[in-house]
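Please read the structure below before turning to the comments.
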Amino acid sequence: MQTLDTLEQLVRICKKCPLSDTRTHSVFGEGPANPTVLFVGEAPGEEEDLKGVPFVGKSGALLSRILEAAEIPRETVYITNIVKCRPPDNRDPSPEEREACLPYLRSQFKALNPRIVVALGRIAATTLIHPDFKITKNHGQWVTKGDTLFMGTFHPAALLRNPAYKKAAWEDFKILKKQLDLLASQERNPL
Ligand code: SF4
């Protein structure tokens with residue numbers, strides 16, 4: 001199994017898809033090696049591309065505020081994206097770009113071994129949970145795959161564009177917090 005450090009170095013110099021021609025920095029991910037939750041968005045945005053760090057900028061600030069309100073410390077979660085390089089003009093990453101980049105996410109998943117994965121937005125949810133996943137219909141529902149629980153919810157950028165979705169997103173984070181508390185209590189009292 002490749003270590004996170006090795007993977008990050010590979011992503012830094014990766015040229016497996018055309019997004020390498022237009023990126024400033026690839027954005028590998030950020031968080032502890034044993035996260036409580038793995039959050040996966042779709043792709044770096046403009047500020048992420050400039051800084052090489054995921055979920056900075058307005059979307060990242062909103063995600064931080066939601067996590068804080070839900071009492072989920074951001075430093076306990078790992079945050080990354082389906083594709084590690086910014087698509088020009090923030091367009092959706094193409095199926096070919098997603099396919100080229102997914103092996104990195106699969107390797108991150110193996111290295112991090114999270115109990116919970118939260119897909120942020122349509123691209124992440126249709127890639128990780130189900131091709132027919134509809135955020136407005138299926139958000140907040142747990143799907144079990146192996147030993148891991150998956151949930152899809154709204155991308156923070158979508159919440160900034162459509163504040164009407166914030167209430168539903170907040171309910172999803174309350175469901176997430178409840179599950180985290182349950183897992184923590186099971187770890188403390190395994191019998
Ligand atoms: S998006 Fe992924 S596959 Fe494409 S160049 Fe960047 S790291 Fe490589």
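Starting from 1 in every chain, residues are counted up; chains themselves are A, B, ... following the order of the structure tokens, and ligands are numbered from 1 as listed.
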
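Non-sequential neighbours of A:Thr3 (distance at most 12 Å, separation of 4 or more positions within a chain, only C-alpha atoms) are Leu7, Glu8, Gln9, Leu10, Ala33, Tyr104, Ser107, Gln108, Phe109, Lys110, Ala111 and Leu112 of chain A.
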
Only C-alpha atoms, please: the residues just picked out, written as an mmCIF file, in the first residue's frame.
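Done, and the output landed in part00.cif:
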data_model
loop_
_atom_site.group_PDB
_atom_site.id
_atom_site.type_symbol
_atom_site.label_atom_id
_atom_site.label_comp_id
_atom_site.auth_asym_id
_atom_site.auth_seq_id
_atom_site.Cartn_x
_atom_site.Cartn_y
_atom_site.Cartn_z
ATOM 1 C CA LEU A 7 0.752 9.528 -3.170
ATOM 2 C CA GLU A 8 0.993 13.266 -2.601
ATOM 3 C CA GLN A 9 4.326 13.377 -4.412
ATOM 4 C CA LEU A 10 2.850 11.420 -7.342
ATOM 5 C CA ALA A 33 -3.961 10.074 8.901
ATOM 6 C CA TYR A 104 -5.436 8.351 -6.277
ATOM 7 C CA SER A 107 -5.323 4.749 -2.653
ATOM 8 C CA GLN A 108 -6.118 7.605 -0.239
ATOM 9 C CA PHE A 109 -9.171 5.667 0.918
ATOM 10 C CA LYS A 110 -7.060 2.554 1.571
ATOM 11 C CA ALA A 111 -4.442 4.547 3.477
ATOM 12 C CA LEU A 112 -6.975 6.518 5.541
#

Run DSSP on the backbone and give me the residues of stretch 39-163 of chain A it puts in helix (DSSP H, G or I), as a ChimeraX atom specification. /A:46-51,57-69,74-76,88-90,95-112,122-128,135-138,156-161,163

Using only C-alpha atoms and all ligand atoms, find each residue with an atom at most 9 Å away from ligand 1 and format the answer as number ranges by chain. A: 10-21, 23, 25-28, 43, 82-87, 93, 97-104

If you keep C-alpha atoms, can you produce a file of those selected residues as a tab-separated table (two decimals), in the first residue's frame?
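As written to disk, result_17.tsv reads:
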chain	number	residue	atom	x	y	z
A	10	LEU	CA	2.85	11.42	-7.34
A	11	VAL	CA	-0.14	13.77	-7.54
A	12	ARG	CA	2.12	16.83	-7.45
A	13	ILE	CA	3.81	15.81	-10.72
A	14	CYS	CA	0.94	13.86	-12.29
A	15	LYS	CA	0.25	14.36	-16.01
A	16	LYS	CA	-2.27	11.58	-16.50
A	17	CYS	CA	-4.97	13.90	-17.81
A	18	PRO	CA	-5.20	17.27	-19.60
A	19	LEU	CA	-5.99	19.13	-16.36
A	20	SER	CA	-2.25	19.04	-15.65
A	21	ASP	CA	-1.77	21.56	-18.50
A	23	ARG	CA	-3.48	23.76	-13.14
A	25	HIS	CA	-1.04	23.36	-8.22
A	26	SER	CA	-2.57	19.96	-7.83
A	27	VAL	CA	-4.53	19.65	-4.59
A	28	PHE	CA	-3.99	16.31	-2.89
A	43	ALA	CA	-12.49	19.34	-7.86
A	82	ILE	CA	-12.55	13.37	-6.95
A	83	VAL	CA	-10.06	15.09	-9.27
A	84	LYS	CA	-6.96	16.72	-7.86
A	85	CYS	CA	-6.51	19.47	-10.47
A	86	ARG	CA	-8.82	22.38	-11.23
A	87	PRO	CA	-10.94	22.12	-14.39
A	93	PRO	CA	-14.54	17.27	-14.54
A	97	GLU	CA	-10.61	13.04	-16.11
A	98	ARG	CA	-12.47	11.44	-13.21
A	99	GLU	CA	-11.44	7.96	-14.35
A	100	ALA	CA	-7.80	9.04	-14.70
A	101	CYS	CA	-7.73	10.52	-11.20
A	102	LEU	CA	-9.82	8.01	-9.24
A	103	PRO	CA	-6.91	5.62	-8.52
A	104	TYR	CA	-5.44	8.35	-6.28

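One finds atom CA of A:Gly41 at 15.1 Å from atom CA of A:Lys134.
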
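Nearest residue to A:Glu68 among A:Thr22, A:Lys174, A:Leu191, A:Glu47 is A:Lys174, counting only C-alpha atoms.
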
Quick one: pick out all strand (DSSP E) residues within stretch 16-101 of chain A from a backbone DSSP run and write them as a ChimeraX atom specification. /A:37-41,77-81

Expected file contents, prior selection, N, CA and C atoms, as a PDB file, in the first residue's frame:
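Result file follows (again.pdb):
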ATOM      1  N   VAL A  37     -13.946  11.289   9.510  1.00  0.00           N
ATOM      2  CA  VAL A  37     -14.752  11.359   8.289  1.00  0.00           C
ATOM      3  C   VAL A  37     -13.837  11.720   7.117  1.00  0.00           C
ATOM      4  N   LEU A  38     -14.086  11.094   5.962  1.00  0.00           N
ATOM      5  CA  LEU A  38     -13.438  11.515   4.724  1.00  0.00           C
ATOM      6  C   LEU A  38     -14.474  12.281   3.906  1.00  0.00           C
ATOM      7  N   PHE A  39     -14.242  13.578   3.720  1.00  0.00           N
ATOM      8  CA  PHE A  39     -15.104  14.394   2.869  1.00  0.00           C
ATOM      9  C   PHE A  39     -14.498  14.436   1.467  1.00  0.00           C
ATOM     10  N   VAL A  40     -15.353  14.239   0.469  1.00  0.00           N
ATOM     11  CA  VAL A  40     -14.866  14.255  -0.919  1.00  0.00           C
ATOM     12  C   VAL A  40     -15.726  15.212  -1.745  1.00  0.00           C
ATOM     13  N   GLY A  41     -15.104  16.254  -2.259  1.00  0.00           N
ATOM     14  CA  GLY A  41     -15.782  17.176  -3.168  1.00  0.00           C
ATOM     15  C   GLY A  41     -15.498  16.784  -4.604  1.00  0.00           C
ATOM     16  N   VAL A  77     -11.125  15.688  10.498  1.00  0.00           N
ATOM     17  CA  VAL A  77     -11.651  15.151   9.240  1.00  0.00           C
ATOM     18  C   VAL A  77     -10.620  15.340   8.128  1.00  0.00           C
ATOM     19  N   TYR A  78     -10.724  14.492   7.114  1.00  0.00           N
ATOM     20  CA  TYR A  78      -9.838  14.595   5.947  1.00  0.00           C
ATOM     21  C   TYR A  78     -10.680  15.092   4.767  1.00  0.00           C
ATOM     22  N   ILE A  79     -10.131  16.020   4.011  1.00  0.00           N
ATOM     23  CA  ILE A  79     -10.887  16.633   2.920  1.00  0.00           C
ATOM     24  C   ILE A  79     -10.096  16.521   1.614  1.00  0.00           C
ATOM     25  N   THR A  80     -10.771  15.985   0.596  1.00  0.00           N
ATOM     26  CA  THR A  80     -10.120  15.890  -0.709  1.00  0.00           C
ATOM     27  C   THR A  80     -11.182  15.998  -1.803  1.00  0.00           C
ATOM     28  N   ASN A  81     -10.792  15.713  -3.033  1.00  0.00           N
ATOM     29  CA  ASN A  81     -11.704  15.828  -4.170  1.00  0.00           C
ATOM     30  C   ASN A  81     -11.583  14.613  -5.086  1.00  0.00           C
TER      31      ASN A  81
END
